[in-house]
Amino acid sequence: MSTILKVENLIKYYKTGEAVVKAVDNTNLEIIRGEFTVIVGRSGSGKSTLLHLIGGLDRPDSGRVIMDGQDIFSMKEDQLARLRRNKIGFIFQDYNLIPSLTVWENVVLPLGLDKKKVRKDKIMEILSKIGMEDRKDARPDTLSGGQKQRTAIARALAASPAIILADEPTGNLDSKTELEVMSLLKKCVNEFGQTLVMITHDETIAQMADKVIYIEDGKVVTVS
Amino acid sequence: MKMVSHIAFENIRYYKSRNILIGIAIFLTTLLLYLVPSTGLNLIEGQFAVVNEIYPTWHALFRDVEENEVEKLAAYHDISTYGLRCDAGRIASEEADIFMIYLDENGFLLYKTKLLEGELPQKEDEIVVSANLLKAIGKADKSIGDRITLSYQILQADTLGFMEEKEFLITGFVEDQASGEQSKVYSAFVSKAFLEQEIPSNIRTYRFLFQVNSRKDALTSELENKINSIADVFGIPDNNILINDDYLMANYVDPAIQPAIIGIMAIVMAAGIITIYSVYYIGMTDRIQEFGRIKAIGATRKQIRWIVLLEGLLVAFAAIPIGLIAGSVRLKGVFYLFLHFFQGENQSIHIMKELFDNNQLSLFHGWIYAAATLVALLTVCVSLLRPMLIMSRISVIEAIRFRPECTDRKGKRVRKEKSFLEITLPRLSYIYLTGNKKNTGITILSMGITGVFLMVTATILSCANPKEIANGEMLGQYEVVIKVDNRNKEHPERKWNNIIRNNPLNCELKKKIEELEGVTFVSEFDYIRVFSDSFGEDSEGVGGVPEEYASQLEDGIIEGTATYEDLKSGDNVIIDKDLLQWYPDLKIGDTLVLNVDLEDEECFREVTILAIGDYSTGFTNYNDLLMAKEGARKLCSYNITESYHIFTSKVYSSDMEQALHELIAADSDRLQIQTWQEVYEEWSSSMATISGACYMFFGILGAICVMNIINTMIHSVHVRKKEIGMMQALGMTDRQLIGMLQQEGFLYILGTLILSIGVGSALGYPVFLWAKEKGMFGISNYHYPAAAAGIISLSLLLIQIILVFSLSRAVKKKTLVERIRFSE
Ligand SMILES: Nc1ncnc2c1ncn2[C@@H]1O[C@H](COP(=O)(O)OP(=O)(O)OP(=O)(O)O)[C@@H](O)[C@H]1O
Ligand SMILES: [Mg+2]
């Protein structure tokens, strides 16, 4: 079992006026390739911040994130951007779809940025799995919250990234769709060997995980 | 109200970049609104002042007015002041022309002739002279109270009498005229008593100088009408009226100037309105939500309108004074530069600058400040009218639900339900721009309109090529032409029928010119003055074209056919199309009965119009009936040569000009020399002025419009901060981001260029044809304004590249996560 991702002494504080928010406070953890890891914690405990740091969206005050043996914060901006589109699939808490693009276009955007060929059948398969194939030409503002979330998931999967970082991807879904989405994500892990790191509040999902990391006030409390 | 202004003020801070742009647009608009009328007004006032300084102040004079008529004229109600002048004779002098003139006291005033010292002459032996006059007759040592003996001839009924001699007492000195030094023309002033003694009252006539009653702002044309009607009442023939055009022009506003300035100001205002409006419009969609919220809290329509208006006005209150101050600081420089281009460094410009420098004239006019401020404010208000209306009318629910990117105002879907299979950077740009069609359109349109204006103007300017104009106005490098003047009583020797009997352009002169070193060829054109019933009262010229220009004559035909051979008989003519302007009924095949102006001989000739041609004035010398030289000579057996066109190996040399002047020196009052170089330089400098002024104007106008694209690009990045952040989170590199913005900007530029250069070029050609038809700037050939097109393209591209780089840097200032999470 190899480590795909290693977090070392990661620190990120926010100063707002007098108060200092210790969003990520000296965190250490390891993510194993091909595993499904869940991060849980109370609202405001620093989960999203940690996930953003792991994905190289933000820079820490100190500490390192090592992905495939590379310290990602020693990279140049553009290298980091390339790493993101090649290796990482993000699913954001608030979807972050591009409003002027259709569902299909949103999904194939990471491929386009990487100048990769779009395999139509593969994208269609993902869309049909999440039940969005008949809405593929719709634009985000006409979608419901759940549909937006599913589109965001499809976008993260489109480029077959080695690691999928998901911030509460099932937050807006009914239990049936939630199950379908979860089985799709699990399939990615089990069949295609992708690594999945997911933030969730949902106990049942946490049950499905290979590993659960508890966070409190920016610190890793327990790993199970 | 306090709440309203508070919100307006907060909005200004929040929408800083947009309001800065609007501020710049208002600033530039104000600058132009101030500079254009100021420069125009200063130029007019400056010229007025200079002319007042130089020219006599009478409005008109009547010649040959007899003594008893003077009293009747003087009593006429429309005449406000009058003076009398009578040219009594000439004082003999080898070196100079010295006139003996009687001027009454008012005459002195109206001629602006000032006594430096002494008194006006009263007794018949008293005289007033000038220092240079005394020098010219070798009596420089004399002063007031001294007696001098003068030889003179009295002028009676247009002829000079026998030489007389008389002793005069000098009673005063007048100032020497600046021009007198060069031309060696001086005046001595004698008394009324002298006049009465020398010229019997029955043949004594005066020049009656007068001013008519008028309002201060009367138009030149009104005054001329008044003068002519006075002449009618007193039966004064046309050629005895001399109107002081320079002075009238200088003191009364020409009716064409005001509309011109107002027109230019209207263009500036339009550019300002288009720009400010489109800057507001582009940002409107995201503000609809905001105003919806304010409305939801309970703001009334009126309050919302006030918020929008106040925001604009607050920006204007900051920008307008800056514009006025910048304008005032720059005005002198701009104005002097304009003068420099406009007229070079001639005498009157010097006087004008002196007047301005000594504060005798002020460069600054209070009412222009007021007017510029008002017009600028009006511009802002007009631009805000529609935004005010839209903002106040939005319904709360619509505003909160408003989705800027996907719906237009009626809520229809803008894009078709169809996706691109793959996403590439150009497609991203395309999708964004087509999704914001209105913004894109308004940006391109408002920039394109200025571009079209510029291109059309540039077409005219580039067609007005000084070299071509000079070539059109002149054949050869030098020209010796007869000064024909059929109406000048003072120079009867210049009447055509006198000239042909003793023509200074004779074989002898021609031979001498041909012998000059460097002269390669001399071409000889003829002129016959003819009358005809077809021309009414006026005379026209028959031009005799020499053999060597046969092909040019034939090539110029635009209608009908005629060969040079046909035109040798003297029975056929080609008419220049300019003639049709005066006599539109003339057509090919018509027969004209020409009456050659020979005074005492009768000479009629019937000629047939064979063709209509289009010739330059250099070729025709304004003779609109053209024949072969051989033909013309059949109409008149005298020497009818009008001009020599001299071709030389060098374009210009001062030695050559000097040599020619020496050859014609003996006949200098009947002949004049023109050089190609002179014509060329004159046109070069006046075209440089006009182009300079036009390009300066369009430069500022262009800068106003550039605010558009800056705003649109800033806006498109601003509203997409989050979107761009997301794309970067998905792995878009900085280079790709810049590439995408670059492409978007490029599409704006492309659209603008297609509109301005495409439409501008397409419109340019008909405008060129129109200008050619009207004879504007002597335009003859079409020249594509490639330089202007290049400059427009390059500057737009440059602006766009700079803009994209600074924008993408601004975007990068905030971290990705900040943009994704907290961009609300
Ligand atoms: N840019 C910022 N400036 C100041 N404080 C910030 C910033 N970003 C995050 N925080 C704070 O950091 C803490 C951690 O935020 P984070 O979004 O990581 O929480 P979370 O665990 O994801 O919560 P949730 O479960 O509600 O999504 C919070 O207290 C938040 O207010
Ligand atoms: Mg979170």
# chains A, B, ... in the order shown; residues from 1 in each chain; ligands from 1
call {"tool": "interface_residues", "arguments": {"of": "chain B", "to": "chain A", "cutoff": "8 Å", "atoms": "only C-alpha atoms", "output": "PDB file with N, CA and C atoms, in the first residue's frame"}}
result
ATOM      1  N   ARG B 403     -31.210  36.679 -13.587  1.00  0.00           N
ATOM      2  CA  ARG B 403     -30.008  35.906 -13.895  1.00  0.00           C
ATOM      3  C   ARG B 403     -29.344  36.516 -15.108  1.00  0.00           C
ATOM      4  N   GLU B 405     -26.682  36.159 -16.870  1.00  0.00           N
ATOM      5  CA  GLU B 405     -26.008  35.514 -17.991  1.00  0.00           C
ATOM      6  C   GLU B 405     -26.942  34.773 -18.948  1.00  0.00           C
ATOM      7  N   CYS B 406     -28.133  34.424 -18.483  1.00  0.00           N
ATOM      8  CA  CYS B 406     -28.873  33.515 -19.337  1.00  0.00           C
ATOM      9  C   CYS B 406     -30.135  34.120 -19.920  1.00  0.00           C
ATOM     10  N   GLU B 417     -30.228  25.543 -26.939  1.00  0.00           N
ATOM     11  CA  GLU B 417     -29.913  24.395 -26.090  1.00  0.00           C
ATOM     12  C   GLU B 417     -29.019  23.426 -26.836  1.00  0.00           C
ATOM     13  N   LYS B 418     -27.782  23.786 -26.913  1.00  0.00           N
ATOM     14  CA  LYS B 418     -26.872  22.933 -27.642  1.00  0.00           C
ATOM     15  C   LYS B 418     -25.483  23.148 -27.057  1.00  0.00           C
ATOM     16  N   SER B 419     -24.786  22.047 -26.871  1.00  0.00           N
ATOM     17  CA  SER B 419     -23.468  22.180 -26.257  1.00  0.00           C
ATOM     18  C   SER B 419     -22.382  21.951 -27.291  1.00  0.00           C
ATOM     19  N   PHE B 420     -21.242  22.561 -27.012  1.00  0.00           N
ATOM     20  CA  PHE B 420     -20.060  22.187 -27.786  1.00  0.00           C
ATOM     21  C   PHE B 420     -19.571  20.857 -27.255  1.00  0.00           C
ATOM     22  N   LEU B 421     -19.166  19.980 -28.190  1.00  0.00           N
ATOM     23  CA  LEU B 421     -18.682  18.674 -27.758  1.00  0.00           C
ATOM     24  C   LEU B 421     -17.435  18.850 -26.903  1.00  0.00           C
ATOM     25  N   GLU B 422     -16.534  19.671 -27.386  1.00  0.00           N
ATOM     26  CA  GLU B 422     -15.314  19.921 -26.627  1.00  0.00           C
ATOM     27  C   GLU B 422     -15.192  21.408 -26.334  1.00  0.00           C
ATOM     28  N   ILE B 423     -14.499  21.682 -25.238  1.00  0.00           N
ATOM     29  CA  ILE B 423     -14.324  23.088 -24.866  1.00  0.00           C
ATOM     30  C   ILE B 423     -12.874  23.488 -25.113  1.00  0.00           C
ATOM     31  N   THR B 424     -12.722  24.532 -25.899  1.00  0.00           N
ATOM     32  CA  THR B 424     -11.380  25.073 -26.108  1.00  0.00           C
ATOM     33  C   THR B 424     -11.405  26.532 -25.673  1.00  0.00           C
ATOM     34  N   LEU B 425     -10.250  27.153 -25.573  1.00  0.00           N
ATOM     35  CA  LEU B 425     -10.222  28.545 -25.128  1.00  0.00           C
ATOM     36  C   LEU B 425     -11.025  29.476 -26.036  1.00  0.00           C
ATOM     37  N   ILE B 431     -18.460  31.714 -26.230  1.00  0.00           N
ATOM     38  CA  ILE B 431     -19.662  31.487 -25.431  1.00  0.00           C
ATOM     39  C   ILE B 431     -19.958  32.699 -24.551  1.00  0.00           C
ATOM     40  N   TYR B 432     -18.910  33.260 -23.974  1.00  0.00           N
ATOM     41  CA  TYR B 432     -19.133  34.398 -23.093  1.00  0.00           C
ATOM     42  C   TYR B 432     -19.660  35.594 -23.877  1.00  0.00           C
ATOM     43  N   GLY B 435     -23.130  35.084 -25.174  1.00  0.00           N
ATOM     44  CA  GLY B 435     -24.063  35.100 -24.056  1.00  0.00           C
ATOM     45  C   GLY B 435     -24.330  36.510 -23.572  1.00  0.00           C
ATOM     46  N   GLU B 723     -16.052  32.834 -11.450  1.00  0.00           N
ATOM     47  CA  GLU B 723     -16.023  31.880 -12.545  1.00  0.00           C
ATOM     48  C   GLU B 723     -14.584  31.581 -12.951  1.00  0.00           C
ATOM     49  N   MET B 726     -12.967  29.467 -10.427  1.00  0.00           N
ATOM     50  CA  MET B 726     -13.344  28.055 -10.552  1.00  0.00           C
ATOM     51  C   MET B 726     -12.569  27.378 -11.658  1.00  0.00           C
ATOM     52  N   MET B 727     -12.462  28.091 -12.781  1.00  0.00           N
ATOM     53  CA  MET B 727     -11.739  27.483 -13.890  1.00  0.00           C
ATOM     54  C   MET B 727     -10.289  27.255 -13.507  1.00  0.00           C
ATOM     55  N   GLN B 728      -9.743  28.197 -12.733  1.00  0.00           N
ATOM     56  CA  GLN B 728      -8.365  28.000 -12.314  1.00  0.00           C
ATOM     57  C   GLN B 728      -8.255  26.859 -11.320  1.00  0.00           C
ATOM     58  N   ALA B 729      -9.280  26.706 -10.482  1.00  0.00           N
ATOM     59  CA  ALA B 729      -9.288  25.570  -9.563  1.00  0.00           C
ATOM     60  C   ALA B 729      -9.324  24.262 -10.339  1.00  0.00           C
ATOM     61  N   LEU B 730     -10.001  24.303 -11.478  1.00  0.00           N
ATOM     62  CA  LEU B 730     -10.074  23.103 -12.299  1.00  0.00           C
ATOM     63  C   LEU B 730      -8.803  22.902 -13.101  1.00  0.00           C
ATOM     64  N   GLY B 731      -7.878  23.806 -13.004  1.00  0.00           N
ATOM     65  CA  GLY B 731      -6.604  23.587 -13.657  1.00  0.00           C
ATOM     66  C   GLY B 731      -6.281  24.515 -14.801  1.00  0.00           C
ATOM     67  N   MET B 732      -6.986  25.646 -14.884  1.00  0.00           N
ATOM     68  CA  MET B 732      -6.634  26.611 -15.928  1.00  0.00           C
ATOM     69  C   MET B 732      -5.365  27.337 -15.498  1.00  0.00           C
ATOM     70  N   THR B 733      -4.361  27.369 -16.365  1.00  0.00           N
ATOM     71  CA  THR B 733      -3.128  28.056 -15.994  1.00  0.00           C
ATOM     72  C   THR B 733      -3.281  29.553 -16.239  1.00  0.00           C
ATOM     73  N   ASP B 734      -2.367  30.337 -15.676  1.00  0.00           N
ATOM     74  CA  ASP B 734      -2.410  31.780 -15.891  1.00  0.00           C
ATOM     75  C   ASP B 734      -2.311  32.110 -17.366  1.00  0.00           C
ATOM     76  N   ARG B 735      -1.454  31.336 -18.055  1.00  0.00           N
ATOM     77  CA  ARG B 735      -1.306  31.613 -19.490  1.00  0.00           C
ATOM     78  C   ARG B 735      -2.595  31.376 -20.240  1.00  0.00           C
ATOM     79  N   GLN B 736      -3.286  30.319 -19.822  1.00  0.00           N
ATOM     80  CA  GLN B 736      -4.563  30.054 -20.478  1.00  0.00           C
ATOM     81  C   GLN B 736      -5.574  31.151 -20.172  1.00  0.00           C
ATOM     82  N   THR B 815      -6.219  35.411  -3.730  1.00  0.00           N
ATOM     83  CA  THR B 815      -5.944  33.994  -3.886  1.00  0.00           C
ATOM     84  C   THR B 815      -7.187  33.299  -4.422  1.00  0.00           C
ATOM     85  N   LEU B 816      -6.924  32.136  -4.982  1.00  0.00           N
ATOM     86  CA  LEU B 816      -7.994  31.353  -5.572  1.00  0.00           C
ATOM     87  C   LEU B 816      -9.158  31.139  -4.616  1.00  0.00           C
ATOM     88  N   VAL B 817      -8.803  30.686  -3.408  1.00  0.00           N
ATOM     89  CA  VAL B 817      -9.856  30.341  -2.464  1.00  0.00           C
ATOM     90  C   VAL B 817     -10.683  31.567  -2.106  1.00  0.00           C
ATOM     91  N   ILE B 820     -13.080  32.018  -4.923  1.00  0.00           N
ATOM     92  CA  ILE B 820     -14.162  31.045  -5.034  1.00  0.00           C
ATOM     93  C   ILE B 820     -15.148  31.188  -3.889  1.00  0.00           C
TER      94      ILE B 820
END
call {"tool": "residues_around", "arguments": {"residues": "B:Val811", "least_positions_apart": "3", "cutoff": "8 Å", "atoms": "only C-alpha atoms", "output": "PyMOL selection string"}}
result
chain B and resi 717+721+807-808+814
call {"tool": "closest_atom_pairs", "arguments": {"of": "chain A", "to": "ligand 2", "cutoff": "7 Å", "atoms": "only C-alpha atoms and all ligand atoms", "output": "CSV"}}
result
residue,atom,partner,partner_atom_place_in_ligand_line,distance
A:Ser43,CA,ligand 2,1 (Mg),6.9
A:Gly44,CA,ligand 2,1 (Mg),7.0
A:Lys47,CA,ligand 2,1 (Mg),5.8
A:Ser48,CA,ligand 2,1 (Mg),4.2
A:Gln93,CA,ligand 2,1 (Mg),6.4
A:Asp167,CA,ligand 2,1 (Mg),6.7
call {"tool": "write_last_selection", "arguments": {"atoms": "all heavy atoms", "output": "short mmCIF file (atom, residue, chain, number, x, y, z; two decimals), in the first residue's frame"}}
result
data_model
loop_
_atom_site.label_atom_id
_atom_site.label_comp_id
_atom_site.auth_asym_id
_atom_site.auth_seq_id
_atom_site.Cartn_x
_atom_site.Cartn_y
_atom_site.Cartn_z
N SER A 43 -19.25 22.00 11.98
CA SER A 43 -19.18 23.12 11.05
C SER A 43 -18.18 24.14 11.56
O SER A 43 -18.17 24.48 12.75
CB SER A 43 -20.56 23.76 10.91
OG SER A 43 -20.47 24.87 10.07
N GLY A 44 -17.31 24.60 10.68
CA GLY A 44 -16.32 25.60 11.07
C GLY A 44 -15.07 25.00 11.67
O GLY A 44 -14.18 25.72 12.12
N LYS A 47 -12.54 21.81 7.87
CA LYS A 47 -12.47 20.72 6.89
C LYS A 47 -12.23 21.24 5.47
O LYS A 47 -11.34 20.77 4.76
CB LYS A 47 -13.80 19.92 6.91
CG LYS A 47 -14.19 19.41 8.29
CD LYS A 47 -15.46 18.60 8.25
CE LYS A 47 -16.70 19.37 7.87
NZ LYS A 47 -17.12 20.38 8.87
N SER A 48 -13.07 22.19 5.09
CA SER A 48 -12.93 22.71 3.72
C SER A 48 -11.55 23.33 3.52
O SER A 48 -10.91 23.14 2.48
CB SER A 48 -14.00 23.76 3.44
OG SER A 48 -15.27 23.17 3.49
N GLN A 93 -18.19 22.30 -2.27
CA GLN A 93 -19.36 22.35 -1.40
C GLN A 93 -20.51 23.11 -2.07
O GLN A 93 -21.65 22.71 -2.02
CB GLN A 93 -18.97 23.04 -0.09
CG GLN A 93 -20.01 22.90 0.99
CD GLN A 93 -19.45 23.33 2.35
OE1 GLN A 93 -18.33 23.84 2.46
NE2 GLN A 93 -20.22 23.10 3.39
N ASP A 167 -16.15 17.86 -1.31
CA ASP A 167 -16.59 18.61 -0.13
C ASP A 167 -18.10 18.47 -0.01
O ASP A 167 -18.85 19.14 -0.72
CB ASP A 167 -16.19 20.07 -0.28
CG ASP A 167 -16.21 20.81 1.06
OD1 ASP A 167 -16.81 20.27 2.02
OD2 ASP A 167 -15.64 21.92 1.13
#
call {"tool": "closest_residue", "arguments": {"among": "A:Met132, A:Ile164, A:Leu29, A:Ala23", "to": "ligand 1", "atoms": "only C-alpha atoms and all ligand atoms"}}
result
A:Ala23
call {"tool": "residues_near_ligand", "arguments": {"ligand": "ligand 1", "cutoff": "9 Å", "atoms": "only C-alpha atoms and all ligand atoms", "output": "VMD selection string"}}
result
(chain A and resid 12 to 16 20 to 24 40 to 52 93 167 to 168 199 to 201 215 to 218) or (chain B and resid 817 to 818 821 to 822)
call {"tool": "residues_around", "arguments": {"residues": "A:Cys188", "least_positions_apart": "4", "cutoff": "12 Å", "atoms": "only C-alpha atoms", "output": "ChimeraX atom specification"}}
result
/A:34-36,89,126,153-154,156-158,160-164,181-184,192-197
call {"tool": "residues_around", "arguments": {"residues": "A:Thr37", "least_positions_apart": "2", "cutoff": "6 Å", "atoms": "only C-alpha atoms", "output": "list in words"}}
result
Val197, Ala209, Asp210, Lys211 and Val212 of chain A
call {"tool": "write_last_selection", "arguments": {"atoms": "N, CA, C and O atoms", "output": "PDB file, in the first residue's frame"}}
result
ATOM      1  N   VAL A 197     -11.206  11.337  -1.305  1.00  0.00           N
ATOM      2  CA  VAL A 197     -11.214  11.981   0.006  1.00  0.00           C
ATOM      3  C   VAL A 197     -12.486  12.804   0.070  1.00  0.00           C
ATOM      4  O   VAL A 197     -12.743  13.633  -0.807  1.00  0.00           O
ATOM      5  N   ALA A 209     -16.644   4.209   4.542  1.00  0.00           N
ATOM      6  CA  ALA A 209     -15.263   4.578   4.254  1.00  0.00           C
ATOM      7  C   ALA A 209     -14.254   3.558   4.776  1.00  0.00           C
ATOM      8  O   ALA A 209     -14.521   2.794   5.680  1.00  0.00           O
ATOM      9  N   ASP A 210     -13.055   3.592   4.099  1.00  0.00           N
ATOM     10  CA  ASP A 210     -11.962   2.753   4.581  1.00  0.00           C
ATOM     11  C   ASP A 210     -11.350   3.382   5.819  1.00  0.00           C
ATOM     12  O   ASP A 210     -10.838   2.713   6.688  1.00  0.00           O
ATOM     13  N   LYS A 211     -11.389   4.734   5.853  1.00  0.00           N
ATOM     14  CA  LYS A 211     -10.747   5.429   6.958  1.00  0.00           C
ATOM     15  C   LYS A 211     -11.555   6.683   7.268  1.00  0.00           C
ATOM     16  O   LYS A 211     -12.065   7.336   6.358  1.00  0.00           O
ATOM     17  N   VAL A 212     -11.707   7.020   8.529  1.00  0.00           N
ATOM     18  CA  VAL A 212     -12.416   8.242   8.915  1.00  0.00           C
ATOM     19  C   VAL A 212     -11.485   9.107   9.751  1.00  0.00           C
ATOM     20  O   VAL A 212     -10.857   8.624  10.682  1.00  0.00           O
TER      21      VAL A 212
END
call {"tool": "residues_around", "arguments": {"residues": "stretch 18-31 of chain B", "least_positions_apart": "2", "cutoff": "8 Å", "atoms": "only C-alpha atoms", "output": "MDAnalysis selection string"}}
result
chainID B and resid 12 15:16 33:35 268:269 272 275:276 279 315:316 318:320 322:324 326:327 372:373 376 380 700:701 703:705 707 710:711
call {"tool": "residues_around", "arguments": {"residues": "stretch 9-11 of chain A", "least_positions_apart": "6", "cutoff": "6 Å", "atoms": "only C-alpha atoms", "output": "PyMOL selection string"}}
result
chain A and resi 24-28+60-63
call {"tool": "write_last_selection", "arguments": {"atoms": "all heavy atoms", "output": "CSV table (one decimal), in the first residue's frame"}}
result
chain,number,residue,atom,x,y,z
A,24,VAL,N,-6.6,25.5,10.2
A,24,VAL,CA,-5.8,24.2,10.1
A,24,VAL,C,-4.7,24.4,11.1
A,24,VAL,O,-3.9,25.4,10.9
A,24,VAL,CB,-5.4,23.9,8.7
A,24,VAL,CG1,-4.5,22.7,8.7
A,24,VAL,CG2,-6.6,23.7,7.8
A,25,ASP,N,-4.6,23.5,12.1
A,25,ASP,CA,-3.6,23.8,13.1
A,25,ASP,C,-2.7,22.6,13.3
A,25,ASP,O,-3.0,21.6,14.0
A,25,ASP,CB,-4.4,24.1,14.4
A,25,ASP,CG,-3.5,24.7,15.4
A,25,ASP,OD1,-2.3,25.1,15.1
A,25,ASP,OD2,-3.9,24.9,16.6
A,26,ASN,N,-1.5,22.7,12.6
A,26,ASN,CA,-0.5,21.7,12.7
A,26,ASN,C,-1.0,20.2,12.5
A,26,ASN,O,-1.0,19.4,13.3
A,26,ASN,CB,0.1,21.7,14.2
A,26,ASN,CG,1.5,21.2,14.1
A,26,ASN,OD1,2.0,20.8,13.0
A,26,ASN,ND2,2.2,21.2,15.3
A,27,THR,N,-1.5,20.1,11.3
A,27,THR,CA,-2.2,18.8,10.9
A,27,THR,C,-1.2,17.9,10.2
A,27,THR,O,-0.4,18.3,9.4
A,27,THR,CB,-3.4,19.1,10.0
A,27,THR,OG1,-4.3,19.9,10.7
A,27,THR,CG2,-4.0,17.8,9.5
A,28,ASN,N,-1.2,16.6,10.6
A,28,ASN,CA,-0.4,15.6,9.9
A,28,ASN,C,-1.4,14.5,9.5
A,28,ASN,O,-2.2,14.1,10.3
A,28,ASN,CB,0.6,15.0,10.8
A,28,ASN,CG,1.7,16.1,11.0
A,28,ASN,OD1,2.5,16.3,10.1
A,28,ASN,ND2,1.8,16.7,12.2
A,60,PRO,N,-0.6,27.3,2.5
A,60,PRO,CA,-0.6,27.3,3.9
A,60,PRO,C,0.4,28.3,4.5
A,60,PRO,O,1.2,28.9,3.8
A,60,PRO,CB,-0.1,25.9,4.3
A,60,PRO,CG,0.8,25.5,3.1
A,60,PRO,CD,0.3,26.3,1.9
A,61,ASP,N,0.3,28.6,5.8
A,61,ASP,CA,1.2,29.4,6.5
A,61,ASP,C,2.6,28.7,6.6
A,61,ASP,O,3.6,29.3,6.4
A,61,ASP,CB,0.7,29.9,7.9
A,61,ASP,CG,-0.5,30.7,7.7
A,61,ASP,OD1,-0.7,31.3,6.7
A,61,ASP,OD2,-1.3,30.7,8.7
A,62,SER,N,2.4,27.4,6.9
A,62,SER,CA,3.7,26.6,6.9
A,62,SER,C,3.2,25.1,6.8
A,62,SER,O,2.0,24.8,6.8
A,62,SER,CB,4.4,26.8,8.2
A,62,SER,OG,3.7,26.2,9.3
A,63,GLY,N,4.2,24.3,6.6
A,63,GLY,CA,3.9,22.8,6.4
A,63,GLY,C,3.9,22.5,4.9
A,63,GLY,O,4.1,23.3,4.1
call {"tool": "residues_around", "arguments": {"residues": "stretch 169-173 of chain B", "least_positions_apart": "3", "cutoff": "7 Å", "atoms": "only C-alpha atoms", "output": "PyMOL selection string"}}
result
chain B and resi 115-121+125-130+143-148
call {"tool": "closest_residue", "arguments": {"among": "B:Arg529, B:Arg287, B:Arg386, B:His350", "to": "B:Arg305", "atoms": "only C-alpha atoms"}}
result
B:Arg386
call {"tool": "select_by_dssp", "arguments": {"residues": "stretch 74-180 of chain A", "states": "helix (DSSP H, G or I)", "output": "VMD selection string"}}
result
chain A and resid 74 77 to 87 103 to 113 120 to 129 133 to 135 140 to 142 145 to 158 175 to 180
call {"tool": "closest_residue", "arguments": {"among": "B:Tyr111, B:Trp367, B:Tyr564, B:Tyr782", "to": "B:Asn52", "atoms": "only C-alpha atoms"}}
result
B:Tyr111
call {"tool": "atom_distance", "arguments": {"atom1": "atom CA of B:Thr159", "atom2": "atom CA of B:Asp597"}}
result
23.7 Å
call {"tool": "atom_distance", "arguments": {"atom1": "atom CA of B:Asp526", "atom2": "atom CA of B:Tyr644"}}
result
9.3 Å
call {"tool": "closest_residue", "arguments": {"among": "B:Thr641, B:Asn465, B:Asn228, B:Thr81", "to": "B:Phe210", "atoms": "only C-alpha atoms"}}
result
B:Thr81
call {"tool": "closest_residue", "arguments": {"among": "B:Arg494, B:Arg633, B:His340, B:His715", "to": "B:Ser278", "atoms": "only C-alpha atoms"}}
result
B:His715
call {"tool": "atom_distance", "arguments": {"atom1": "atom CA of A:Gln149", "atom2": "atom CA of A:Met67"}}
result
26.4 Å
